[in-house]
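File shown: work.cif (mmCIF, C-alpha atoms).
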data_protein
#
loop_
_atom_site.label_atom_id
_atom_site.label_comp_id
_atom_site.auth_asym_id
_atom_site.auth_seq_id
_atom_site.Cartn_x
_atom_site.Cartn_y
_atom_site.Cartn_z
CA MET I 1 37.94 20.85 105.12
CA LYS I 2 37.46 20.64 101.40
CA LEU I 3 34.17 20.49 99.50
CA LYS I 4 34.00 19.51 95.84
CA TYR I 5 30.78 20.18 93.95
CA LEU I 6 30.50 17.35 91.44
CA GLY I 7 27.01 18.26 90.20
CA THR I 8 25.01 21.43 90.86
CA ALA I 9 21.66 21.04 89.07
CA ALA I 10 18.13 20.08 89.99
CA ALA I 11 16.45 16.97 88.63
CA GLU I 12 16.30 18.02 84.94
CA GLY I 13 19.93 19.07 84.74
CA ILE I 14 20.97 22.02 82.60
CA PRO I 15 20.35 21.57 79.74
CA GLY I 16 17.18 19.56 80.22
CA ILE I 17 17.30 16.65 77.80
CA PHE I 18 14.12 17.66 75.94
CA CYS I 19 14.16 21.40 76.64
CA ASN I 20 14.59 24.20 74.11
CA CYS I 21 14.41 27.18 76.48
CA ARG I 22 16.94 30.01 76.32
CA VAL I 23 18.94 28.71 79.29
CA CYS I 24 19.18 25.16 77.94
CA ARG I 25 20.09 26.30 74.40
CA ASN I 26 22.82 28.48 75.88
CA ALA I 27 24.22 25.57 77.91
CA LEU I 28 24.49 23.40 74.80
CA GLU I 29 26.19 26.17 72.84
CA VAL I 30 28.57 27.57 75.48
CA ARG I 31 29.11 24.41 77.55
CA GLY I 32 31.78 24.74 80.32
CA LYS I 33 30.24 26.05 83.55
CA GLU I 34 26.86 26.39 81.84
CA ILE I 35 26.49 22.58 81.88
CA LYS I 36 25.09 21.43 85.21
CA THR I 37 24.56 17.80 86.19
CA ARG I 38 22.45 16.37 89.02
CA SER I 39 23.62 17.46 92.47
CA GLN I 40 26.36 15.60 94.30
CA ALA I 41 29.27 16.72 96.46
CA LEU I 42 32.35 15.25 98.12
CA VAL I 43 33.90 16.25 101.44
CA ASP I 44 37.67 15.78 101.82
CA ASP I 45 37.69 13.20 99.01
CA LYS I 46 36.03 10.65 101.28
CA LEU I 47 32.52 11.61 102.40
CA LEU I 48 30.05 11.56 99.52
CA ILE I 49 26.81 13.57 99.61
CA ASP I 50 24.03 12.01 97.53
CA PHE I 51 24.13 9.34 94.84
CA PRO I 52 22.38 10.61 91.69
CA PRO I 53 22.17 8.92 88.28
CA ASP I 54 24.99 11.23 87.16
CA THR I 55 27.49 9.62 89.55
CA TYR I 56 29.06 7.71 86.66
CA LEU I 57 29.48 10.97 84.75
CA HIS I 58 31.20 12.51 87.77
CA ILE I 59 33.66 9.60 87.79
CA LEU I 60 34.51 10.32 84.15
CA ASN I 61 34.58 14.12 84.41
CA TYR I 62 36.19 14.74 87.80
CA GLY I 63 38.04 11.58 88.76
CA LEU I 64 35.59 10.65 91.52
CA ASP I 65 37.13 7.42 92.82
CA LEU I 66 34.36 5.37 94.41
CA ARG I 67 36.76 2.49 95.04
CA ASN I 68 38.21 4.44 97.96
CA ILE I 69 35.00 6.00 99.32
CA HIS I 70 33.23 4.15 102.11
CA HIS I 71 30.59 6.61 103.32
CA CYS I 72 27.71 8.33 101.53
CA ILE I 73 25.00 10.46 103.16
CA ILE I 74 21.72 10.89 101.28
CA THR I 75 19.47 13.95 101.53
CA HIS I 76 16.24 12.26 100.37
CA ARG I 77 14.83 9.55 98.16
CA HIS I 78 14.11 11.51 94.94
CA PHE I 79 15.85 9.87 91.99
CA ASP I 80 18.17 12.81 91.31
CA HIS I 81 19.69 12.34 94.77
CA LEU I 82 19.31 8.60 95.24
CA PHE I 83 19.67 6.14 92.34
CA PRO I 84 19.79 2.75 94.11
CA LYS I 85 20.33 0.51 91.11
CA ASP I 86 23.89 1.75 90.66
CA PHE I 87 24.83 0.34 94.08
CA TRP I 88 24.52 -3.04 92.35
CA CYS I 89 27.76 -2.19 90.52
CA ARG I 90 29.70 -2.67 93.78
CA PHE I 91 28.28 -6.12 94.55
CA ASP I 92 30.38 -9.27 94.52
CA GLY I 93 30.77 -10.62 91.00
CA ILE I 94 30.40 -7.15 89.47
CA ALA I 95 33.28 -5.16 91.01
CA TYR I 96 36.67 -6.88 91.20
CA ASP I 97 39.90 -6.30 93.11
CA ILE I 98 38.44 -3.84 95.60
CA ASP I 99 38.88 -3.85 99.35
CA GLU I 100 36.19 -5.53 101.38
CA GLU I 101 35.38 -2.52 103.54
CA PRO I 102 31.77 -1.77 102.58
CA LEU I 103 30.31 1.41 101.18
CA ASN I 104 28.11 2.65 104.03
CA VAL I 105 25.03 4.53 102.89
CA TYR I 106 23.14 6.67 105.45
CA VAL I 107 19.56 7.42 104.47
CA THR I 108 16.22 8.31 106.05
CA GLU I 109 13.40 5.78 106.17
CA ALA I 110 11.72 6.65 102.84
CA GLY I 111 15.00 6.28 100.97
CA TYR I 112 15.90 3.14 102.89
CA ASN I 113 12.60 1.56 101.88
CA GLU I 114 13.09 2.65 98.27
CA ILE I 115 16.52 1.01 98.16
CA PHE I 116 15.10 -2.32 99.30
CA ARG I 117 12.13 -1.97 96.94
CA GLN I 118 14.44 -1.57 93.96
CA LEU I 119 17.20 -3.98 94.94
CA GLY I 120 15.14 -6.58 96.79
CA ASP I 121 17.16 -9.31 98.50
CA GLN I 122 20.29 -8.05 96.72
CA ALA I 123 20.33 -5.14 99.17
CA ASN I 124 21.43 -7.59 101.87
CA ASN I 125 25.09 -7.92 100.92
CA THR I 126 28.54 -7.28 102.39
CA ARG I 127 29.76 -4.76 99.81
CA VAL I 128 27.18 -2.01 100.46
CA LYS I 129 25.58 -1.46 103.86
CA PHE I 130 22.48 0.69 104.31
CA HIS I 131 21.93 2.56 107.59
CA LYS I 132 18.68 4.24 108.60
CA ILE I 133 19.00 7.77 110.00
CA ALA I 134 16.47 10.36 111.19
CA PRO I 135 16.27 14.16 111.55
CA PHE I 136 17.84 15.60 114.72
CA GLU I 137 19.63 12.32 115.52
CA PRO I 138 23.39 13.00 115.10
CA PHE I 139 25.85 10.27 114.19
CA ASP I 140 29.59 9.98 113.65
CA ILE I 141 31.52 8.88 110.57
CA GLU I 142 35.25 8.60 111.16
CA ASP I 143 36.37 12.18 111.99
CA TYR I 144 33.01 13.72 111.08
CA HIS I 145 30.05 14.56 113.28
CA ILE I 146 26.91 14.56 111.14
CA ILE I 147 23.67 16.26 112.15
CA PRO I 148 20.65 15.66 109.90
CA LEU I 149 18.04 18.43 110.12
CA ALA I 150 14.49 18.35 108.79
CA ALA I 151 14.04 19.96 105.36
CA ASN I 152 11.03 21.75 103.90
CA HIS I 153 10.58 19.53 100.84
CA ASP I 154 8.31 16.73 99.64
CA ALA I 155 7.37 15.11 102.95
CA ASN I 156 7.01 11.70 101.30
CA SER I 157 10.72 11.78 100.46
CA ASP I 158 11.68 12.10 104.16
CA PRO I 159 14.13 14.93 103.38
CA VAL I 160 17.03 16.21 105.45
CA ILE I 161 19.76 18.81 105.18
CA TYR I 162 23.08 18.32 106.93
CA ILE I 163 25.47 19.97 109.34
CA ILE I 164 28.88 18.34 108.84
CA GLU I 165 31.52 18.99 111.48
CA LYS I 166 35.19 18.08 111.51
CA GLY I 167 37.16 19.40 114.46
CA GLU I 168 36.46 23.13 114.69
CA LYS I 169 35.11 23.34 111.15
CA SER I 170 31.39 23.29 110.39
CA LEU I 171 29.50 23.09 107.08
CA LEU I 172 25.78 23.54 106.44
CA TYR I 173 24.73 21.70 103.27
CA ALA I 174 21.12 22.60 102.54
CA ASN I 175 19.81 21.39 99.21
CA ASP I 176 16.19 20.63 98.38
CA THR I 177 14.53 22.71 101.04
CA GLY I 178 12.40 25.79 101.21
CA ILE I 179 12.48 28.07 104.27
CA PHE I 180 13.61 25.79 107.05
CA PRO I 181 10.83 24.20 109.14
CA LYS I 182 10.23 25.25 112.73
CA GLY I 183 12.01 22.27 114.26
CA THR I 184 15.17 22.99 112.29
CA TRP I 185 15.21 26.64 113.33
CA GLU I 186 14.73 25.56 116.95
CA TYR I 187 17.66 23.14 116.67
CA LEU I 188 19.84 25.80 115.06
CA ALA I 189 18.99 28.24 117.86
CA LYS I 190 20.81 25.88 120.23
CA TYR I 191 23.75 25.20 117.91
CA ASN I 192 26.99 26.57 119.32
CA LYS I 193 29.30 26.80 116.32
CA LYS I 194 29.63 29.31 113.52
CA PHE I 195 29.41 27.86 110.03
CA ASN I 196 32.57 28.15 107.99
CA LEU I 197 30.62 27.42 104.80
CA VAL I 198 26.90 27.52 104.00
CA SER I 199 25.49 25.99 100.82
CA LEU I 200 21.85 26.87 100.14
CA ASP I 201 19.30 25.59 97.64
CA CYS I 202 18.70 28.00 94.75
CA THR I 203 16.48 26.04 92.39
CA GLY I 204 14.39 29.14 91.62
CA MET I 205 17.35 31.43 90.92
CA ALA I 206 15.83 34.69 89.55
CA GLN I 207 12.24 33.73 90.37
CA LYS I 208 10.78 35.45 93.43
CA CYS I 209 9.46 34.21 96.76
CA TRP I 210 10.18 30.49 96.46
CA ARG I 211 9.52 29.53 100.06
CA ASP I 212 8.33 25.90 100.02
CA THR I 213 10.19 22.85 98.68
CA HIS I 214 12.95 25.01 97.15
CA LEU I 215 14.47 28.49 97.45
CA SER I 216 15.28 31.39 95.12
CA LEU I 217 17.92 34.09 95.52
CA ASP I 218 15.63 36.43 97.46
CA THR I 219 14.58 33.74 99.94
CA ASP I 220 18.17 32.47 100.20
CA LYS I 221 19.01 35.95 101.48
CA GLU I 222 16.16 35.70 103.98
CA VAL I 223 17.50 32.38 105.30
CA TYR I 224 21.09 33.60 105.40
CA ASP I 225 20.21 36.84 107.19
CA ARG I 226 18.40 34.84 109.85
CA LEU I 227 21.48 32.64 110.31
CA VAL I 228 23.54 35.82 110.75
CA GLU I 229 21.06 37.17 113.31
CA MET I 230 21.37 33.89 115.22
CA GLY I 231 25.15 34.27 115.32
CA LEU I 232 25.74 31.21 113.12
CA CYS I 233 27.28 33.10 110.19
CA ASP I 234 29.48 36.18 109.98
CA SER I 235 31.81 37.97 107.57
CA ASN I 236 34.15 34.96 107.58
CA THR I 237 31.45 32.52 106.44
CA ILE I 238 31.67 31.42 102.81
CA ALA I 239 28.14 31.52 101.36
CA TYR I 240 27.23 29.60 98.20
CA VAL I 241 23.99 29.04 96.36
CA ASN I 242 23.61 25.65 94.69
CA HIS I 243 21.12 23.23 93.03
CA PHE I 244 19.85 25.11 89.98
CA SER I 245 17.00 24.59 87.56
CA HIS I 246 16.51 26.09 84.10
CA ASN I 247 13.16 27.25 85.52
CA GLY I 248 15.22 29.88 87.34
CA GLN I 249 15.73 31.58 83.95
CA LEU I 250 19.39 32.48 84.36
CA THR I 251 22.46 31.26 82.55
CA HIS I 252 25.44 30.57 84.79
CA LYS I 253 27.10 33.79 83.65
CA GLU I 254 23.97 35.74 84.59
CA LEU I 255 23.59 33.81 87.85
CA VAL I 256 27.05 34.83 89.04
CA VAL I 257 26.12 38.51 88.63
CA GLU I 258 22.70 38.17 90.30
CA ALA I 259 24.02 36.06 93.18
CA GLU I 260 26.69 38.66 93.94
CA LYS I 261 23.96 41.28 94.40
CA TYR I 262 22.62 39.19 97.29
CA GLY I 263 26.09 38.50 98.71
CA PHE I 264 26.38 34.92 97.43
CA LEU I 265 28.80 32.96 95.31
CA ALA I 266 27.39 30.56 92.72
CA THR I 267 28.53 26.95 92.47
CA TYR I 268 29.33 25.11 89.26
CA ASP I 269 30.18 21.51 88.41
CA GLY I 270 33.75 20.70 89.41
CA LEU I 271 34.16 23.58 91.88
CA ASP I 272 36.62 22.96 94.74
CA VAL I 273 36.30 24.99 97.94
CA GLU I 274 38.70 24.80 100.90
CA PHE I 275 37.77 26.35 104.23
#
Please express what this file holds, its structure, as structure tokens.
Amino acid sequence: MKLKYLGTAAAEGIPGIFCNCRVCRNALEVRGKEIKTRSQALVDDKLLIDFPPDTYLHILNYGLDLRNIHHCIITHRHFDHLFPKDFWCRFDGIAYDIDEEPLNVYVTEAGYNEIFRQLGDQANNTRVKFHKIAPFEPFDIEDYHIIPLAANHDANSDPVIYIIEKGEKSLLYANDTGIFPKGTWEYLAKYNKKFNLVSLDCTGMAQKCWRDTHLSLDTDKEVYDRLVEMGLCDSNTIAYVNHFSHNGQLTHKELVVEAEKYGFLATYDGLDVEF
């Protein structure tokens, strides 16, 4: 499997558009890996994770080709992960000379309702199809087995994290969650595969004890150690931290050093990982 990180920031991005903190000033000056756009990822060039307002930027920066992508799984309804109005760009009369296989969007109830609130009757079209999913109810997309798990995040956003399986490979993509809720730990206790790659929320970066809604490096280590104790991760598992906020008070260069102390690699926009 291949995972491409298109965007790796929290809602504000780095730099924040109005912010003058040290981290944001550094990003504007140094640019490169210090610039972080709203979180989005792509599995094997065909399974999209989240649809933020920076999707268009990811097309320009990384050659994301939405014309050939027909499946998108959404973590939750917050605008930095779900920006419904851009789906309009695929509707008939707006996008030309594309195949008629729809873009299938898989989203929990809160996000599903938000899509129809924003798009109204336009959401009922043949070019984009919206499918309601729920935590702990697996579903299949082509060669992928997808398992949504409950996240510890804003409950009103109906949040999930994902296990994505393809053959013998297994990926845990866990953005926008604090310490996993009880039901998710119980589900994981029965899971019978080791993860080849784990991607954990690290919005708090150098801050300490972020346990609810988001994680920090110290609590990422707590989550990862528990996964190891459960036999779900081992020395062969690739472990990344992802989804960063300037509130975490680290530049990317500093983050790489701090993450290594906890045994993690740090993502950046445009990173490709094969596993």
Spatial sel., origin (30.5, 2.1, 98.2), limit 9 Å, only C-alpha atoms, listed as a PDB file with C-alpha atoms, in the coordinates of the input:
ATOM      1  CA  LEU I  66      34.360   5.370  94.410  1.00  0.00           C
ATOM      2  CA  ARG I  67      36.760   2.490  95.040  1.00  0.00           C
ATOM      3  CA  ASN I  68      38.210   4.440  97.960  1.00  0.00           C
ATOM      4  CA  ILE I  69      35.000   6.000  99.320  1.00  0.00           C
ATOM      5  CA  HIS I  70      33.230   4.150 102.110  1.00  0.00           C
ATOM      6  CA  HIS I  71      30.590   6.610 103.320  1.00  0.00           C
ATOM      7  CA  CYS I  72      27.710   8.330 101.530  1.00  0.00           C
ATOM      8  CA  PHE I  87      24.830   0.340  94.080  1.00  0.00           C
ATOM      9  CA  ARG I  90      29.700  -2.670  93.780  1.00  0.00           C
ATOM     10  CA  GLU I 101      35.380  -2.520 103.540  1.00  0.00           C
ATOM     11  CA  PRO I 102      31.770  -1.770 102.580  1.00  0.00           C
ATOM     12  CA  LEU I 103      30.310   1.410 101.180  1.00  0.00           C
ATOM     13  CA  ASN I 104      28.110   2.650 104.030  1.00  0.00           C
ATOM     14  CA  VAL I 105      25.030   4.530 102.890  1.00  0.00           C
ATOM     15  CA  ARG I 127      29.760  -4.760  99.810  1.00  0.00           C
ATOM     16  CA  VAL I 128      27.180  -2.010 100.460  1.00  0.00           C
ATOM     17  CA  LYS I 129      25.580  -1.460 103.860  1.00  0.00           C
TER      18      LYS I 129
END
Computed gap from CA of Gly183 in chain I to CA of Ile73 in chain I is 20.8 Å
Selection under test: the PyMOL selection byres ((chain I and resi 163) around 8); residues as a list in words: Ile146, Ile147, Pro148, Leu149, Ile161, Tyr162, Ile164, Glu165, Ser170, Leu171, Leu172 and Tyr173 of chain I
Near Val241 in chain I, within 12 Å and counting only C-alpha atoms, which residues show up once chain neighbours fewer than 4 positions away are dropped, as a CSV table (one decimal) with C-alpha atoms, keeping the file's coordinate frame?
chain,number,residue,atom,x,y,z
I,5,TYR,CA,30.8,20.2,94.0
I,8,THR,CA,25.0,21.4,90.9
I,9,ALA,CA,21.7,21.0,89.1
I,172,LEU,CA,25.8,23.5,106.4
I,173,TYR,CA,24.7,21.7,103.3
I,174,ALA,CA,21.1,22.6,102.5
I,175,ASN,CA,19.8,21.4,99.2
I,176,ASP,CA,16.2,20.6,98.4
I,197,LEU,CA,30.6,27.4,104.8
I,198,VAL,CA,26.9,27.5,104.0
I,199,SER,CA,25.5,26.0,100.8
I,200,LEU,CA,21.8,26.9,100.1
I,201,ASP,CA,19.3,25.6,97.6
I,202,CYS,CA,18.7,28.0,94.8
I,203,THR,CA,16.5,26.0,92.4
I,204,GLY,CA,14.4,29.1,91.6
I,205,MET,CA,17.4,31.4,90.9
I,214,HIS,CA,13.0,25.0,97.2
I,215,LEU,CA,14.5,28.5,97.4
I,216,SER,CA,15.3,31.4,95.1
I,217,LEU,CA,17.9,34.1,95.5
I,218,ASP,CA,15.6,36.4,97.5
I,219,THR,CA,14.6,33.7,99.9
I,220,ASP,CA,18.2,32.5,100.2
I,221,LYS,CA,19.0,36.0,101.5
I,223,VAL,CA,17.5,32.4,105.3
I,224,TYR,CA,21.1,33.6,105.4
I,252,HIS,CA,25.4,30.6,84.8
I,255,LEU,CA,23.6,33.8,87.8
I,256,VAL,CA,27.0,34.8,89.0
I,258,GLU,CA,22.7,38.2,90.3
I,259,ALA,CA,24.0,36.1,93.2
I,260,GLU,CA,26.7,38.7,93.9
I,262,TYR,CA,22.6,39.2,97.3
I,263,GLY,CA,26.1,38.5,98.7
I,264,PHE,CA,26.4,34.9,97.4
I,265,LEU,CA,28.8,33.0,95.3
I,266,ALA,CA,27.4,30.6,92.7
I,267,THR,CA,28.5,27.0,92.5
I,268,TYR,CA,29.3,25.1,89.3
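The closest residue to Val43 in chain I, picked from I:Asp143, I:Phe91, I:Trp210, I:Glu137 and counting all atoms listed in the file, is I:Asp143.
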So that I can see what lies close to Leu42 in chain I, please list as a short mmCIF file (atom, residue, chain, number, x, y, z; two decimals) with C-alpha atoms, in the frame of the given file the residues with an atom at most 6 Å from it, counting all atoms listed in the file and leaving out residues fewer than 5 positions away in the same chain.
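Written output follows (selection23.cif):
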data_model
loop_
_atom_site.label_atom_id
_atom_site.label_comp_id
_atom_site.auth_asym_id
_atom_site.auth_seq_id
_atom_site.Cartn_x
_atom_site.Cartn_y
_atom_site.Cartn_z
CA LEU I 3 34.17 20.49 99.50
CA LYS I 4 34.00 19.51 95.84
CA LEU I 47 32.52 11.61 102.40
CA LEU I 48 30.05 11.56 99.52
CA ILE I 49 26.81 13.57 99.61
#
Nearest to Gln207 in chain I: which of I:Leu28, I:Leu250, I:Ala11, I:Ile59 is it, counting only C-alpha atoms? I:Leu250
Distance of CA of Val23 in chain I from CA of Asn247 in chain I, expressed in Å to one decimal place: 8.6 Å
What do you get, as an MDAnalysis selection string, if you spell out every residue that the PyMOL selection byres ((chain I and resi 54) around 12) selects here? chainID I and resid 6:13 36:41 50:53 55:62 64 79:83 86 269
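Take CA of Tyr191 in chain I and CA of Lys132 in chain I: the distance between them is 23.5 Å.
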Running the PyMOL selection byres ((chain I and resi 159) around 6) on this model by hand, what would come out? Give it as JSON, numbers by chain. {"I": [75, 76, 151, 157, 158, 160]}
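In this comparison, which uses all atoms listed in the file, the residue of I:Asn26, I:Asn152, I:Gln118, I:Asn196 approaching Ser235 in chain I most closely is I:Asn196.
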Env of Gly120 in chain I: 12 Å cut, atoms = only C-alpha atoms, seq-sep filter 5 positions within chain, self excluded. Answer as a ChimeraX atom specification. /I:84-85,88,112-115,125
Find, counting only C-alpha atoms, the residue in I:Tyr144, I:Ile94, I:Thr184, I:Gln249 that gets nearest to Cys21 in chain I. I:Gln249
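Here the question is which of I:Thr213, I:Thr237, I:Asn242, I:Thr177 gets nearest to Phe275 in chain I using all atoms listed in the file, and that residue is I:Thr237.
Remark: for Glu34 in chain I, the closest of the candidate residues I:Lys208, I:His153, I:Thr251, I:Gly231 is I:Thr251 (distances computed over all atoms listed in the file).
Residues in contact with Glu274 in chain I at 7 Å, where all atoms listed in the file are counted and same-chain residues fewer than 2 positions away are skipped, are listed as Met1, Lys2, Leu3 and Asp272 of chain I.
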Shell of 8 Å around Leu232 in chain I, only C-alpha atoms, local chain residues under 5 positions omitted, as number ranges by chain: I: 191-195, 227
Those same residues, written as a JSON list (two decimals), keeping the file's coordinate frame with C-alpha atoms?
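Result file follows (selection_4.json):
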[["chain", "number", "residue", "atom", "x", "y", "z"],
["I", 191, "TYR", "CA", 23.75, 25.20, 117.91],
["I", 192, "ASN", "CA", 26.99, 26.57, 119.32],
["I", 193, "LYS", "CA", 29.30, 26.80, 116.32],
["I", 194, "LYS", "CA", 29.63, 29.31, 113.52],
["I", 195, "PHE", "CA", 29.41, 27.86, 110.03],
["I", 227, "LEU", "CA", 21.48, 32.64, 110.31]]
Restricted to all heavy atoms, what does range 50-59 of chain I look like when written out as a PDB file, in the first residue's frame?
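Wrote result25.pdb, looks like this:
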ATOM      1  N   ASP I  50     -10.762  12.393   3.525  1.00  0.00           N
ATOM      2  CA  ASP I  50     -11.206  13.753   3.821  1.00  0.00           C
ATOM      3  C   ASP I  50     -11.199  14.656   2.589  1.00  0.00           C
ATOM      4  O   ASP I  50     -10.546  14.382   1.578  1.00  0.00           O
ATOM      5  CB  ASP I  50     -10.416  14.368   4.972  1.00  0.00           C
ATOM      6  CG  ASP I  50     -10.890  13.853   6.330  1.00  0.00           C
ATOM      7  OD1 ASP I  50     -12.060  13.428   6.425  1.00  0.00           O
ATOM      8  OD2 ASP I  50     -10.104  13.864   7.299  1.00  0.00           O
ATOM      9  N   PHE I  51     -11.984  15.735   2.713  1.00  0.00           N
ATOM     10  CA  PHE I  51     -12.207  16.652   1.599  1.00  0.00           C
ATOM     11  C   PHE I  51     -12.229  18.083   2.144  1.00  0.00           C
ATOM     12  O   PHE I  51     -13.274  18.711   2.272  1.00  0.00           O
ATOM     13  CB  PHE I  51     -13.537  16.308   0.904  1.00  0.00           C
ATOM     14  CG  PHE I  51     -13.660  16.850  -0.482  1.00  0.00           C
ATOM     15  CD1 PHE I  51     -13.044  16.209  -1.545  1.00  0.00           C
ATOM     16  CD2 PHE I  51     -14.395  18.004  -0.727  1.00  0.00           C
ATOM     17  CE1 PHE I  51     -13.163  16.707  -2.840  1.00  0.00           C
ATOM     18  CE2 PHE I  51     -14.517  18.507  -2.018  1.00  0.00           C
ATOM     19  CZ  PHE I  51     -13.890  17.860  -3.075  1.00  0.00           C
ATOM     20  N   PRO I  52     -11.036  18.611   2.503  1.00  0.00           N
ATOM     21  CA  PRO I  52     -10.963  19.934   3.125  1.00  0.00           C
ATOM     22  C   PRO I  52     -11.037  21.050   2.096  1.00  0.00           C
ATOM     23  O   PRO I  52     -10.974  20.808   0.882  1.00  0.00           O
ATOM     24  CB  PRO I  52      -9.583  19.893   3.782  1.00  0.00           C
ATOM     25  CG  PRO I  52      -8.780  19.037   2.849  1.00  0.00           C
ATOM     26  CD  PRO I  52      -9.723  17.970   2.368  1.00  0.00           C
ATOM     27  N   PRO I  53     -11.120  22.310   2.548  1.00  0.00           N
ATOM     28  CA  PRO I  53     -11.107  23.427   1.604  1.00  0.00           C
ATOM     29  C   PRO I  53      -9.789  23.562   0.860  1.00  0.00           C
ATOM     30  O   PRO I  53      -9.732  24.269  -0.154  1.00  0.00           O
ATOM     31  CB  PRO I  53     -11.376  24.652   2.499  1.00  0.00           C
ATOM     32  CG  PRO I  53     -11.074  24.211   3.883  1.00  0.00           C
ATOM     33  CD  PRO I  53     -11.349  22.750   3.939  1.00  0.00           C
ATOM     34  N   ASP I  54      -8.731  22.902   1.330  1.00  0.00           N
ATOM     35  CA  ASP I  54      -7.440  22.959   0.645  1.00  0.00           C
ATOM     36  C   ASP I  54      -7.285  21.884  -0.433  1.00  0.00           C
ATOM     37  O   ASP I  54      -6.190  21.735  -0.992  1.00  0.00           O
ATOM     38  CB  ASP I  54      -6.300  22.830   1.659  1.00  0.00           C
ATOM     39  CG  ASP I  54      -6.168  24.054   2.540  1.00  0.00           C
ATOM     40  OD1 ASP I  54      -6.704  25.114   2.168  1.00  0.00           O
ATOM     41  OD2 ASP I  54      -5.538  23.953   3.608  1.00  0.00           O
ATOM     42  N   THR I  55      -8.349  21.167  -0.764  1.00  0.00           N
ATOM     43  CA  THR I  55      -8.266  20.147  -1.808  1.00  0.00           C
ATOM     44  C   THR I  55      -7.765  20.736  -3.123  1.00  0.00           C
ATOM     45  O   THR I  55      -6.925  20.142  -3.818  1.00  0.00           O
ATOM     46  CB  THR I  55      -9.634  19.471  -2.015  1.00  0.00           C
ATOM     47  OG1 THR I  55     -10.024  18.821  -0.791  1.00  0.00           O
ATOM     48  CG2 THR I  55      -9.577  18.429  -3.121  1.00  0.00           C
ATOM     49  N   TYR I  56      -8.275  21.908  -3.481  1.00  0.00           N
ATOM     50  CA  TYR I  56      -7.840  22.544  -4.729  1.00  0.00           C
ATOM     51  C   TYR I  56      -6.339  22.821  -4.706  1.00  0.00           C
ATOM     52  O   TYR I  56      -5.636  22.615  -5.708  1.00  0.00           O
ATOM     53  CB  TYR I  56      -8.632  23.837  -4.952  1.00  0.00           C
ATOM     54  CG  TYR I  56      -8.333  24.520  -6.266  1.00  0.00           C
ATOM     55  CD1 TYR I  56      -8.647  23.914  -7.481  1.00  0.00           C
ATOM     56  CD2 TYR I  56      -7.722  25.777  -6.302  1.00  0.00           C
ATOM     57  CE1 TYR I  56      -8.376  24.526  -8.694  1.00  0.00           C
ATOM     58  CE2 TYR I  56      -7.453  26.406  -7.505  1.00  0.00           C
ATOM     59  CZ  TYR I  56      -7.782  25.779  -8.700  1.00  0.00           C
ATOM     60  OH  TYR I  56      -7.509  26.394  -9.897  1.00  0.00           O
ATOM     61  N   LEU I  57      -5.841  23.269  -3.557  1.00  0.00           N
ATOM     62  CA  LEU I  57      -4.408  23.518  -3.417  1.00  0.00           C
ATOM     63  C   LEU I  57      -3.619  22.226  -3.577  1.00  0.00           C
ATOM     64  O   LEU I  57      -2.528  22.219  -4.164  1.00  0.00           O
ATOM     65  CB  LEU I  57      -4.132  24.147  -2.053  1.00  0.00           C
ATOM     66  CG  LEU I  57      -2.720  24.659  -1.776  1.00  0.00           C
ATOM     67  CD1 LEU I  57      -2.329  25.738  -2.774  1.00  0.00           C
ATOM     68  CD2 LEU I  57      -2.619  25.198  -0.350  1.00  0.00           C
ATOM     69  N   HIS I  58      -4.153  21.119  -3.095  1.00  0.00           N
ATOM     70  CA  HIS I  58      -3.459  19.838  -3.228  1.00  0.00           C
ATOM     71  C   HIS I  58      -3.427  19.370  -4.681  1.00  0.00           C
ATOM     72  O   HIS I  58      -2.476  18.694  -5.098  1.00  0.00           O
ATOM     73  CB  HIS I  58      -4.123  18.793  -2.330  1.00  0.00           C
ATOM     74  CG  HIS I  58      -4.076  19.164  -0.883  1.00  0.00           C
ATOM     75  ND1 HIS I  58      -4.958  18.664   0.051  1.00  0.00           N
ATOM     76  CD2 HIS I  58      -3.255  20.020  -0.198  1.00  0.00           C
ATOM     77  CE1 HIS I  58      -4.677  19.181   1.231  1.00  0.00           C
ATOM     78  NE2 HIS I  58      -3.651  20.012   1.099  1.00  0.00           N
ATOM     79  N   ILE I  59      -4.446  19.724  -5.450  1.00  0.00           N
ATOM     80  CA  ILE I  59      -4.421  19.449  -6.890  1.00  0.00           C
ATOM     81  C   ILE I  59      -3.260  20.196  -7.534  1.00  0.00           C
ATOM     82  O   ILE I  59      -2.487  19.635  -8.335  1.00  0.00           O
ATOM     83  CB  ILE I  59      -5.758  19.849  -7.537  1.00  0.00           C
ATOM     84  CG1 ILE I  59      -6.882  18.925  -7.061  1.00  0.00           C
ATOM     85  CG2 ILE I  59      -5.661  19.822  -9.063  1.00  0.00           C
ATOM     86  CD1 ILE I  59      -8.272  19.390  -7.451  1.00  0.00           C
TER      87      ILE I  59
END
